[in-house]
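Student: So here's protein32.csv (CSV, C-alpha atoms).
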```csv
chain,number,residue,atom,x,y,z
A,1021,MET,CA,107.1,97.2,91.6
A,1022,LYS,CA,110.0,98.8,89.8
A,1023,ILE,CA,112.8,99.9,92.1
A,1024,LYS,CA,114.9,102.9,91.0
A,1025,TYR,CA,118.5,102.1,91.6
A,1026,PRO,CA,121.4,104.6,91.5
A,1027,GLN,CA,123.0,105.5,88.2
A,1028,LEU,CA,126.1,103.4,89.0
A,1029,VAL,CA,124.0,100.3,89.7
A,1030,GLU,CA,122.1,100.7,86.4
A,1031,LYS,CA,125.4,101.2,84.5
A,1032,ALA,CA,126.9,98.1,86.1
A,1033,PHE,CA,123.8,96.0,85.4
A,1034,ASP,CA,123.8,97.2,81.7
A,1035,ILE,CA,127.4,96.2,81.3
A,1036,LEU,CA,126.8,92.8,83.0
A,1037,SER,CA,123.7,92.1,80.9
A,1038,LYS,CA,125.7,92.7,77.7
A,1039,SER,CA,128.5,90.4,78.7
A,1040,VAL,CA,126.7,87.4,80.2
A,1041,PRO,CA,123.2,86.0,79.7
A,1042,LEU,CA,120.9,87.0,82.6
A,1043,ASN,CA,117.5,85.9,83.7
A,1044,MET,CA,115.7,89.3,83.3
A,1045,ALA,CA,112.9,88.1,85.6
A,1046,LYS,CA,115.5,88.4,88.4
A,1047,ALA,CA,116.7,91.9,87.4
A,1048,ASN,CA,115.8,93.5,90.7
A,1049,SER,CA,117.5,90.8,92.7
A,1050,ILE,CA,120.7,91.2,90.5
A,1051,LYS,CA,120.6,95.0,90.9
A,1052,ALA,CA,120.2,94.6,94.7
A,1053,ASP,CA,123.3,92.4,94.7
A,1054,ILE,CA,125.2,94.9,92.6
A,1055,TYR,CA,124.1,97.7,95.0
A,1056,ARG,CA,125.3,95.8,98.1
A,1057,GLU,CA,128.6,95.1,96.4
A,1058,LEU,CA,129.2,98.7,95.4
A,1059,VAL,CA,128.4,99.8,99.0
A,1060,ALA,CA,130.8,97.1,100.3
A,1061,GLU,CA,133.5,98.4,97.9
A,1062,GLY,CA,132.9,101.9,99.2
A,1063,VAL,CA,131.9,103.5,95.9
A,1064,LEU,CA,128.3,104.1,97.0
A,1065,ASP,CA,127.2,105.2,100.5
A,1066,SER,CA,124.3,103.4,102.2
A,1067,ASN,CA,121.9,105.9,100.7
A,1068,GLY,CA,123.1,105.1,97.2
A,1069,CYS,CA,125.0,108.3,96.7
A,1070,PRO,CA,128.4,108.1,95.0
A,1071,THR,CA,131.4,108.5,97.3
A,1072,GLN,CA,134.6,110.4,96.6
A,1073,LEU,CA,136.1,107.0,95.7
A,1074,ALA,CA,133.6,106.6,92.9
A,1075,PHE,CA,134.7,110.0,91.5
A,1076,ASP,CA,138.4,109.2,92.0
A,1077,LYS,CA,138.0,105.9,90.1
A,1078,GLY,CA,136.1,107.7,87.3
A,1079,LEU,CA,133.0,105.7,87.8
A,1080,ILE,CA,130.6,108.7,87.8
A,1081,ASP,CA,129.8,110.7,84.6
A,1082,SER,CA,127.8,113.5,86.2
A,1083,GLY,CA,128.8,116.5,84.2
A,1084,GLN,CA,130.9,119.5,85.1
A,1085,HIS,CA,130.8,119.4,89.0
A,1086,GLN,CA,132.0,115.9,89.8
A,1087,THR,CA,133.4,116.8,93.2
A,1088,LEU,CA,132.2,119.1,96.0
A,1089,ALA,CA,135.4,121.0,95.7
A,1090,GLU,CA,134.8,121.8,92.0
A,1091,TYR,CA,131.2,122.9,92.9
A,1092,LYS,CA,132.4,125.2,95.7
A,1093,ARG,CA,135.0,126.7,93.3
A,1094,GLU,CA,132.3,127.6,90.8
A,1095,PHE,CA,129.9,128.9,93.5
A,1096,PRO,CA,132.2,130.6,96.1
A,1097,GLN,CA,129.2,131.5,98.3
A,1098,PHE,CA,129.2,127.9,99.5
A,1099,LYS,CA,132.9,128.0,100.4
A,1100,GLY,CA,132.6,128.4,104.2
A,1101,PHE,CA,130.0,125.6,104.7
A,1102,SER,CA,130.9,122.1,105.8
A,1103,SER,CA,130.5,119.2,103.4
A,1104,ASP,CA,127.9,117.8,105.8
A,1105,HIS,CA,125.5,120.4,104.3
A,1106,PHE,CA,125.8,119.1,100.7
A,1107,LYS,CA,124.4,116.0,99.0
A,1108,PHE,CA,125.1,114.7,95.6
A,1109,THR,CA,122.0,113.6,93.7
A,1110,THR,CA,121.3,112.5,90.1
A,1111,ALA,CA,120.5,116.2,89.5
A,1112,GLY,CA,123.8,117.4,90.8
A,1113,TRP,CA,124.9,118.9,94.1
A,1114,GLY,CA,122.2,120.2,96.6
A,1115,VAL,CA,122.4,122.0,99.9
A,1116,ASP,CA,120.3,121.7,103.0
A,1117,ASN,CA,118.1,124.3,104.6
A,1118,TYR,CA,120.8,125.5,106.9
A,1119,VAL,CA,122.9,126.7,103.9
A,1120,MET,CA,119.8,128.3,102.2
A,1121,ARG,CA,118.7,130.0,105.4
A,1122,SER,CA,122.3,131.4,106.1
A,1123,LEU,CA,122.6,132.8,102.5
A,1124,ALA,CA,119.1,134.3,102.7
A,1125,TYR,CA,119.9,136.1,106.0
A,1126,LYS,CA,123.2,137.3,104.6
A,1127,SER,CA,121.5,138.7,101.5
A,1128,LEU,CA,118.9,140.5,103.8
A,1129,ALA,CA,121.7,142.0,105.9
A,1130,GLU,CA,124.0,143.0,103.0
A,1131,SER,CA,121.8,143.9,100.0
A,1132,ASP,CA,120.2,147.3,99.3
A,1133,ASN,CA,118.5,145.8,96.2
A,1134,GLU,CA,114.8,145.3,96.9
A,1135,TYR,CA,114.6,142.4,94.4
A,1136,ASP,CA,117.4,140.5,96.2
A,1137,ARG,CA,115.8,141.2,99.6
A,1138,GLN,CA,112.4,139.9,98.4
A,1139,ARG,CA,114.0,136.8,97.0
A,1140,ALA,CA,115.7,136.2,100.3
A,1141,LEU,CA,112.4,136.6,102.2
A,1142,ASN,CA,110.7,134.2,99.8
A,1143,THR,CA,113.4,131.7,100.4
A,1144,LEU,CA,113.0,132.0,104.1
A,1145,PHE,CA,109.3,131.6,103.8
A,1146,GLN,CA,109.7,128.4,101.7
A,1147,ILE,CA,112.1,126.9,104.1
A,1148,GLU,CA,109.7,127.5,107.0
A,1149,GLU,CA,106.9,125.9,105.0
A,1150,ILE,CA,109.0,122.8,104.2
A,1151,GLU,CA,110.1,122.5,107.8
A,1152,ARG,CA,106.5,122.9,109.1
A,1153,GLU,CA,105.3,120.2,106.7
A,1154,THR,CA,108.1,117.9,107.7
A,1155,ASN,CA,107.4,118.4,111.4
A,1156,ASN,CA,103.7,117.8,110.8
A,1157,ASP,CA,104.5,114.5,108.9
A,1158,GLU,CA,106.7,113.3,111.9
A,1159,ASN,CA,103.9,113.9,114.4
```
Would you write the structure of this file as structure tokens?

Tutor:
Amino acid sequence: MKIKYPQLVEKAFDILSKSVPLNMAKANSIKADIYRELVAEGVLDSNGCPTQLAFDKGLIDSGQHQTLAEYKREFPQFKGFSSDHFKFTTAGWGVDNYVMRSLAYKSLAESDNEYDRQRALNTLFQIEEIERETNNDEN
């Protein structure tokens, strides 16, 4: 079984494999050791997401929004939400259902544009479906 490791682990493994001979049959074991070390050093959290320390040290090459602060500057609608509602993934920054629901309700309350209102309603419907499926999976 091939385990998908975070970008930082793969990058470290690639550098290591080019500098010293490795037994490639033990690649997963070596990557697991690298992962544990990066968590211990504080550059990855226990879920494999890069921490602020990883960004500060320049270890992450993720594109234009390397920090949450940069992301919030470009998308000011997220300004008032706590960092607990955001997660950095390989695809970039994501938000949880609380943020999506809040923005949808705000759009419903403030917009006179029927298209915007319909998009907000569709978003709320999708959130309800996801939460319903999640609750069914837990039971």

Student: Check the smallest atom-to-atom distance from each of A:Ala1052, A:Leu1144, A:Leu1088, A:Val1029 to Val1115 (chain A) using only C-alpha atoms, then report the winner.

Tutor: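 Smallest separation from Val1115 (chain A) among the options: A:Leu1088.
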
Student: What gap, in Å, lies between CA of Gln1027 (chain A) and CA of Arg1093 (chain A)?

Tutor: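 The value is 24.9 Å.
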
Student: Could you name the residues that touch Gln1072 (chain A) at 8 Å or less, counting only C-alpha atoms, but leaving out those on the same chain fewer than 2 positions away, as a ChimeraX atom specification?

Tutor: /A:1063,1070,1074-1076,1087

Student: Could you state the separation of CA of Ser1127 (chain A) and CA of Lys1107 (chain A) in Å, given to one decimal place?

Tutor: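 CA of Ser1127 (chain A) sits 23.0 Å away from CA of Lys1107 (chain A).
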
Student: Taking all atoms listed in the file into account, name the residue in A:Tyr1135, A:Phe1033, A:Lys1126, A:Asn1067 that is nearest to Lys1046 (chain A).

Tutor: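 The closest residue to Lys1046 (chain A) is A:Phe1033.
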
Student: One decimal, in Å: what's the spacing between CA of Asp1116 (chain A) and CA of Ala1129 (chain A)?

Tutor: 20.6 Å

Student: For Gly1062 (chain A), list every protein, DNA or RNA residue within 10 Å, evaluated using all atoms listed in the file, and leave out those in the same chain fewer than 3 positions away; present the list as a list of chain:residue names.

Tutor: A:Arg1056, A:Glu1057, A:Leu1058, A:Val1059, A:Asp1065, A:Ser1066, A:Pro1070, A:Thr1071, A:Gln1072, A:Leu1073, A:Ala1074

Student: Restricting the calculation to all atoms listed in the file: of A:Ser1049, A:Gln1146, A:Asn1156, A:Gln1138, which residue gets closest to Arg1121 (chain A)?

Tutor: A:Gln1146

Student: With only C-alpha atoms as the atoms that count, which of A:Ile1080, A:Ile1147, A:Leu1028, A:Leu1123 lies nearest to Gly1068 (chain A)?

Tutor: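 Selected residue with least distance to Gly1068 (chain A): A:Leu1028.
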
Student: Out of A:Lys1031, A:Phe1108, A:Glu1158, A:Gly1114, which residue has the shortest atom-to-atom distance to Ile1054 (chain A) when counting only C-alpha atoms?

Tutor: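 Once distances to Ile1054 (chain A) are computed over only C-alpha atoms, the minimum belongs to A:Lys1031.
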
Student: Could you check the closest approach to Gln1097 (chain A) for each of A:Asn1117, A:Val1040, A:Ile1050, A:Ala1124 and tell me which residue wins, using only C-alpha atoms?

Tutor: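 Among A:Asn1117, A:Val1040, A:Ile1050, A:Ala1124, it is A:Ala1124 that comes nearest to Gln1097 (chain A).
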
Student: Show me, as a ChimeraX atom specification, the residues that have an atom within 8 Å of Leu1128 (chain A) when counting all atoms listed in the file, minus same-chain residues fewer than 4 positions from it.

Tutor: /A:1124,1136-1137,1140-1141

Student: Can you rebuild region 1106-1129 of chain A with N, CA, C and O atoms and give it as a PDB file, keeping the file's coordinate frame?

Tutor:
```
ATOM      1  N   PHE A1106     125.948 119.332 102.181  1.00  0.00           N
ATOM      2  CA  PHE A1106     125.800 119.100 100.700  1.00  0.00           C
ATOM      3  C   PHE A1106     125.492 117.635 100.479  1.00  0.00           C
ATOM      4  O   PHE A1106     125.935 116.757 101.204  1.00  0.00           O
ATOM      5  N   LYS A1107     124.732 117.418  99.415  1.00  0.00           N
ATOM      6  CA  LYS A1107     124.400 116.000  99.000  1.00  0.00           C
ATOM      7  C   LYS A1107     124.436 115.977  97.500  1.00  0.00           C
ATOM      8  O   LYS A1107     123.897 116.845  96.824  1.00  0.00           O
ATOM      9  N   PHE A1108     125.053 114.932  96.999  1.00  0.00           N
ATOM     10  CA  PHE A1108     125.100 114.700  95.600  1.00  0.00           C
ATOM     11  C   PHE A1108     123.900 113.853  95.163  1.00  0.00           C
ATOM     12  O   PHE A1108     123.654 112.812  95.754  1.00  0.00           O
ATOM     13  N   THR A1109     123.130 114.307  94.186  1.00  0.00           N
ATOM     14  CA  THR A1109     122.000 113.600  93.700  1.00  0.00           C
ATOM     15  C   THR A1109     122.148 113.376  92.178  1.00  0.00           C
ATOM     16  O   THR A1109     123.105 113.892  91.590  1.00  0.00           O
ATOM     17  N   THR A1110     121.216 112.697  91.567  1.00  0.00           N
ATOM     18  CA  THR A1110     121.300 112.500  90.100  1.00  0.00           C
ATOM     19  C   THR A1110     121.153 113.876  89.403  1.00  0.00           C
ATOM     20  O   THR A1110     121.572 114.007  88.258  1.00  0.00           O
ATOM     21  N   ALA A1111     120.603 114.868  90.058  1.00  0.00           N
ATOM     22  CA  ALA A1111     120.500 116.200  89.500  1.00  0.00           C
ATOM     23  C   ALA A1111     121.697 117.087  89.735  1.00  0.00           C
ATOM     24  O   ALA A1111     121.762 118.221  89.278  1.00  0.00           O
ATOM     25  N   GLY A1112     122.656 116.593  90.491  1.00  0.00           N
ATOM     26  CA  GLY A1112     123.800 117.400  90.800  1.00  0.00           C
ATOM     27  C   GLY A1112     123.911 117.633  92.326  1.00  0.00           C
ATOM     28  O   GLY A1112     123.264 116.958  93.120  1.00  0.00           O
ATOM     29  N   TRP A1113     124.692 118.623  92.723  1.00  0.00           N
ATOM     30  CA  TRP A1113     124.900 118.900  94.100  1.00  0.00           C
ATOM     31  C   TRP A1113     123.712 119.741  94.673  1.00  0.00           C
ATOM     32  O   TRP A1113     123.205 120.637  94.009  1.00  0.00           O
ATOM     33  N   GLY A1114     123.298 119.418  95.883  1.00  0.00           N
ATOM     34  CA  GLY A1114     122.200 120.200  96.600  1.00  0.00           C
ATOM     35  C   GLY A1114     122.706 120.565  97.944  1.00  0.00           C
ATOM     36  O   GLY A1114     123.682 120.028  98.468  1.00  0.00           O
ATOM     37  N   VAL A1115     122.027 121.537  98.522  1.00  0.00           N
ATOM     38  CA  VAL A1115     122.400 122.000  99.900  1.00  0.00           C
ATOM     39  C   VAL A1115     121.162 121.874 100.772  1.00  0.00           C
ATOM     40  O   VAL A1115     120.029 121.796 100.317  1.00  0.00           O
ATOM     41  N   ASP A1116     121.431 121.851 102.058  1.00  0.00           N
ATOM     42  CA  ASP A1116     120.300 121.700 103.000  1.00  0.00           C
ATOM     43  C   ASP A1116     119.765 123.076 103.403  1.00  0.00           C
ATOM     44  O   ASP A1116     120.232 124.125 102.950  1.00  0.00           O
ATOM     45  N   ASN A1117     118.739 123.046 104.236  1.00  0.00           N
ATOM     46  CA  ASN A1117     118.100 124.300 104.600  1.00  0.00           C
ATOM     47  C   ASN A1117     118.973 125.225 105.423  1.00  0.00           C
ATOM     48  O   ASN A1117     118.800 126.437 105.353  1.00  0.00           O
ATOM     49  N   TYR A1118     119.917 124.688 106.169  1.00  0.00           N
ATOM     50  CA  TYR A1118     120.800 125.500 106.900  1.00  0.00           C
ATOM     51  C   TYR A1118     121.600 126.484 105.990  1.00  0.00           C
ATOM     52  O   TYR A1118     121.703 127.686 106.247  1.00  0.00           O
ATOM     53  N   VAL A1119     122.114 125.933 104.896  1.00  0.00           N
ATOM     54  CA  VAL A1119     122.900 126.700 103.900  1.00  0.00           C
ATOM     55  C   VAL A1119     121.942 127.782 103.291  1.00  0.00           C
ATOM     56  O   VAL A1119     122.284 128.967 103.202  1.00  0.00           O
ATOM     57  N   MET A1120     120.775 127.331 102.867  1.00  0.00           N
ATOM     58  CA  MET A1120     119.800 128.300 102.200  1.00  0.00           C
ATOM     59  C   MET A1120     119.423 129.387 103.165  1.00  0.00           C
ATOM     60  O   MET A1120     119.372 130.545 102.776  1.00  0.00           O
ATOM     61  N   ARG A1121     119.133 129.029 104.413  1.00  0.00           N
ATOM     62  CA  ARG A1121     118.700 130.000 105.400  1.00  0.00           C
ATOM     63  C   ARG A1121     119.881 131.020 105.653  1.00  0.00           C
ATOM     64  O   ARG A1121     119.676 132.233 105.694  1.00  0.00           O
ATOM     65  N   SER A1122     121.093 130.517 105.805  1.00  0.00           N
ATOM     66  CA  SER A1122     122.300 131.400 106.100  1.00  0.00           C
ATOM     67  C   SER A1122     122.480 132.365 104.915  1.00  0.00           C
ATOM     68  O   SER A1122     122.728 133.555 105.151  1.00  0.00           O
ATOM     69  N   LEU A1123     122.382 131.869 103.681  1.00  0.00           N
ATOM     70  CA  LEU A1123     122.600 132.800 102.500  1.00  0.00           C
ATOM     71  C   LEU A1123     121.460 133.783 102.410  1.00  0.00           C
ATOM     72  O   LEU A1123     121.701 134.932 102.026  1.00  0.00           O
ATOM     73  N   ALA A1124     120.240 133.383 102.748  1.00  0.00           N
ATOM     74  CA  ALA A1124     119.100 134.300 102.700  1.00  0.00           C
ATOM     75  C   ALA A1124     119.300 135.434 103.735  1.00  0.00           C
ATOM     76  O   ALA A1124     119.104 136.618 103.425  1.00  0.00           O
ATOM     77  N   TYR A1125     119.674 135.070 104.959  1.00  0.00           N
ATOM     78  CA  TYR A1125     119.900 136.100 106.000  1.00  0.00           C
ATOM     79  C   TYR A1125     121.062 137.006 105.608  1.00  0.00           C
ATOM     80  O   TYR A1125     121.000 138.221 105.834  1.00  0.00           O
ATOM     81  N   LYS A1126     122.096 136.462 105.002  1.00  0.00           N
ATOM     82  CA  LYS A1126     123.200 137.300 104.600  1.00  0.00           C
ATOM     83  C   LYS A1126     122.781 138.277 103.502  1.00  0.00           C
ATOM     84  O   LYS A1126     123.161 139.444 103.537  1.00  0.00           O
ATOM     85  N   SER A1127     121.966 137.823 102.575  1.00  0.00           N
ATOM     86  CA  SER A1127     121.500 138.700 101.500  1.00  0.00           C
ATOM     87  C   SER A1127     120.595 139.825 102.127  1.00  0.00           C
ATOM     88  O   SER A1127     120.690 140.986 101.718  1.00  0.00           O
ATOM     89  N   LEU A1128     119.765 139.478 103.108  1.00  0.00           N
ATOM     90  CA  LEU A1128     118.900 140.500 103.800  1.00  0.00           C
ATOM     91  C   LEU A1128     119.804 141.552 104.464  1.00  0.00           C
ATOM     92  O   LEU A1128     119.508 142.738 104.419  1.00  0.00           O
ATOM     93  N   ALA A1129     120.870 141.082 105.097  1.00  0.00           N
ATOM     94  CA  ALA A1129     121.700 142.000 105.900  1.00  0.00           C
ATOM     95  C   ALA A1129     122.602 142.877 104.967  1.00  0.00           C
ATOM     96  O   ALA A1129     122.878 144.022 105.312  1.00  0.00           O
TER      97      ALA A1129
END
```
